[in-house]
file start.cif (mmCIF, C-alpha atoms)
data_upload
#
loop_
_atom_site.group_PDB
_atom_site.id
_atom_site.type_symbol
_atom_site.label_atom_id
_atom_site.label_comp_id
_atom_site.auth_asym_id
_atom_site.auth_seq_id
_atom_site.Cartn_x
_atom_site.Cartn_y
_atom_site.Cartn_z
ATOM 1 C CA MET A 178 7.506 -10.268 14.833
ATOM 2 C CA ALA A 179 6.707 -7.849 12.002
ATOM 3 C CA GLU A 180 6.174 -9.235 8.526
ATOM 4 C CA LYS A 181 6.618 -7.777 5.062
ATOM 5 C CA LYS A 182 3.650 -8.464 2.819
ATOM 6 C CA ILE A 183 3.282 -7.878 -0.911
ATOM 7 C CA ILE A 184 -0.110 -6.859 -2.290
ATOM 8 C CA ASP A 185 -0.232 -7.354 -6.047
ATOM 9 C CA GLY A 186 -2.741 -4.810 -7.334
ATOM 10 C CA ARG A 187 -1.393 -4.784 -10.883
ATOM 11 C CA GLY A 188 -4.157 -4.806 -13.465
ATOM 12 C CA SER A 189 -6.579 -3.181 -11.022
ATOM 13 C CA PHE A 190 -7.407 0.507 -11.221
ATOM 14 C CA CYS A 191 -8.057 2.950 -8.416
ATOM 15 C CA PRO A 192 -9.571 2.398 -5.947
ATOM 16 C CA GLY A 193 -8.842 -1.338 -6.386
ATOM 17 C CA PRO A 194 -5.242 -1.362 -5.059
ATOM 18 C CA LEU A 195 -6.268 0.842 -2.114
ATOM 19 C CA MET A 196 -9.184 -1.458 -1.274
ATOM 20 C CA GLU A 197 -6.826 -4.460 -1.365
ATOM 21 C CA LEU A 198 -4.446 -2.623 0.994
ATOM 22 C CA ILE A 199 -7.298 -1.841 3.407
ATOM 23 C CA GLY A 200 -8.318 -5.510 3.493
ATOM 24 C CA VAL A 201 -4.788 -6.705 4.232
ATOM 25 C CA LEU A 202 -4.212 -3.973 6.846
ATOM 26 C CA LYS A 203 -7.248 -5.214 8.777
ATOM 27 C CA MET A 204 -5.640 -8.664 9.101
ATOM 28 C CA SER A 205 -2.084 -7.414 9.746
ATOM 29 C CA GLN A 206 -0.235 -6.827 12.994
ATOM 30 C CA ILE A 207 1.152 -3.492 14.197
ATOM 31 C CA GLY A 208 4.610 -3.048 12.665
ATOM 32 C CA ASP A 209 3.895 -5.094 9.542
ATOM 33 C CA GLU A 210 5.188 -3.522 6.341
ATOM 34 C CA LEU A 211 2.956 -3.753 3.278
ATOM 35 C CA GLU A 212 4.126 -3.116 -0.264
ATOM 36 C CA VAL A 213 1.429 -2.456 -2.848
ATOM 37 C CA LEU A 214 2.309 -3.136 -6.484
ATOM 38 C CA SER A 215 0.193 -1.154 -8.921
ATOM 39 C CA ASN A 216 0.432 -0.119 -12.547
ATOM 40 C CA ASP A 217 -2.180 2.606 -11.914
ATOM 41 C CA LYS A 218 -0.363 5.928 -11.449
ATOM 42 C CA GLY A 219 -3.271 7.240 -9.357
ATOM 43 C CA SER A 220 -2.417 4.730 -6.634
ATOM 44 C CA ALA A 221 0.975 6.407 -6.171
ATOM 45 C CA LYS A 222 -0.866 9.541 -5.030
ATOM 46 C CA ASP A 223 -4.041 8.150 -3.464
ATOM 47 C CA ILE A 224 -2.535 5.448 -1.232
ATOM 48 C CA PRO A 225 -0.005 7.694 0.592
ATOM 49 C CA GLU A 226 -2.747 10.316 1.140
ATOM 50 C CA TRP A 227 -5.108 7.740 2.619
ATOM 51 C CA VAL A 228 -2.363 6.199 4.783
ATOM 52 C CA ARG A 229 -1.496 9.578 6.308
ATOM 53 C CA LYS A 230 -5.172 10.435 6.801
ATOM 54 C CA VAL A 231 -5.906 7.286 8.810
ATOM 55 C CA GLY A 232 -2.678 7.411 10.818
ATOM 56 C CA HIS A 233 -0.491 4.633 9.468
ATOM 57 C CA GLU A 234 3.109 5.260 8.403
ATOM 58 C CA TYR A 235 3.861 6.004 4.759
ATOM 59 C CA VAL A 236 7.337 4.608 3.995
ATOM 60 C CA SER A 237 8.083 5.132 0.292
ATOM 61 C CA THR A 238 6.960 5.097 -3.323
ATOM 62 C CA THR A 239 9.128 4.038 -6.227
ATOM 63 C CA GLU A 240 8.353 3.304 -9.870
ATOM 64 C CA GLU A 241 10.048 0.505 -11.772
ATOM 65 C CA ASP A 242 9.151 -0.442 -15.357
ATOM 66 C CA GLY A 243 5.660 1.035 -15.093
ATOM 67 C CA VAL A 244 4.903 -0.583 -11.725
ATOM 68 C CA TRP A 245 4.506 1.571 -8.625
ATOM 69 C CA HIS A 246 5.831 0.116 -5.351
ATOM 70 C CA ILE A 247 4.064 1.855 -2.465
ATOM 71 C CA THR A 248 5.239 0.806 0.996
ATOM 72 C CA VAL A 249 3.386 1.477 4.256
ATOM 73 C CA ARG A 250 3.694 0.313 7.857
ATOM 74 C CA LYS A 251 0.724 -0.505 10.098
ATOM 75 C CA THR A 252 0.950 1.620 13.245
ATOM 76 C CA LYS A 253 -2.346 1.008 15.022
#

call {"tool": "encode", "arguments": {"input": "start.cif", "output": "structure tokens"}}
result
Amino acid sequence: MAEKKIIDGRGSFCPGPLMELIGVLKMSQIGDELEVLSNDKGSAKDIPEWVRKVGHEYVSTTEEDGVWHITVRKTK
């Protein structure tokens, strides 16, 4: 059964939130949805680019009160 996981990368600057995502992806199951929280605007661009490059599914990016919510799904 797929899980939704939150990765709190607030207070960390690029590539910190991306590195945290990579670590959690390695331990996740196919179908798991991961939401990265980051207050670094660069993450909103860098994470979706990396996700597409490596073949996972980019779901969405939203910004709320200075915090970016970047959601991806593990596909392999």

call {"tool": "residues_around", "arguments": {"input": "start.cif", "residues": "Ser215 of chain A", "least_positions_apart": "4", "cutoff": "6 Å", "atoms": "only C-alpha atoms", "output": "list of chain:residue names"}}
result
A:Gly186, A:Arg187, A:Val244, A:Trp245

call {"tool": "resolve_selection", "arguments": {"input": "start.cif", "expression": "the PyMOL selection byres ((chain A and resi 236) around 8)", "output": "PyMOL selection string"}}
result
chain A and resi 234-235+237-238+247-250

call {"tool": "write_last_selection", "arguments": {"input": "start.cif", "atoms": "C-alpha atoms", "output": "mmCIF file, in the frame of the given file"}}
result
data_model
loop_
_atom_site.group_PDB
_atom_site.id
_atom_site.type_symbol
_atom_site.label_atom_id
_atom_site.label_comp_id
_atom_site.auth_asym_id
_atom_site.auth_seq_id
_atom_site.Cartn_x
_atom_site.Cartn_y
_atom_site.Cartn_z
ATOM 1 C CA GLU A 234 3.109 5.260 8.403
ATOM 2 C CA TYR A 235 3.861 6.004 4.759
ATOM 3 C CA SER A 237 8.083 5.132 0.292
ATOM 4 C CA THR A 238 6.960 5.097 -3.323
ATOM 5 C CA ILE A 247 4.064 1.855 -2.465
ATOM 6 C CA THR A 248 5.239 0.806 0.996
ATOM 7 C CA VAL A 249 3.386 1.477 4.256
ATOM 8 C CA ARG A 250 3.694 0.313 7.857
#

call {"tool": "resolve_selection", "arguments": {"input": "start.cif", "expression": "the PyMOL selection byres ((chain A and resi 199) around 12)", "output": "MDAnalysis selection string"}}
result
chainID A and resid 184 192:198 200:205 211 213 224 227:228 231 233 249 251

call {"tool": "residues_around", "arguments": {"input": "start.cif", "residues": "Gly208 of chain A", "least_positions_apart": "6", "cutoff": "9 Å", "atoms": "all atoms listed in the file", "output": "VMD selection string"}}
result
chain A and resid 178 to 180 250 to 253

call {"tool": "atom_distance", "arguments": {"input": "start.cif", "atom1": "atom CA of Gly188 of chain A", "atom2": "atom CA of Gln206 of chain A"}}
result
26.8 Å

call {"tool": "atom_distance", "arguments": {"input": "start.cif", "atom1": "atom CA of Glu241 of chain A", "atom2": "atom CA of Glu226 of chain A"}}
result
20.7 Å

call {"tool": "resolve_selection", "arguments": {"input": "start.cif", "expression": "the PyMOL selection byres ((chain A and resi 218) around 10)", "output": "ChimeraX atom specification"}}
result
/A:190-191,215-217,219-223,240,243-245

call {"tool": "closest_residue", "arguments": {"input": "start.cif", "among": "A:Lys230, A:His246, A:Asp209, A:Pro225", "to": "Lys182 of chain A", "atoms": "all atoms listed in the file"}}
result
A:Asp209

call {"tool": "axis_aligned_box", "arguments": {"input": "start.cif", "around": "segment 229-240 of chain A", "padding_each_side": "5 Å", "output": "lines of an AutoDock Vina configuration file"}}
result
center_x = 1.6
center_y = 6.9
center_z = 0.5
size_x = 25.0
size_y = 17.1
size_z = 30.7
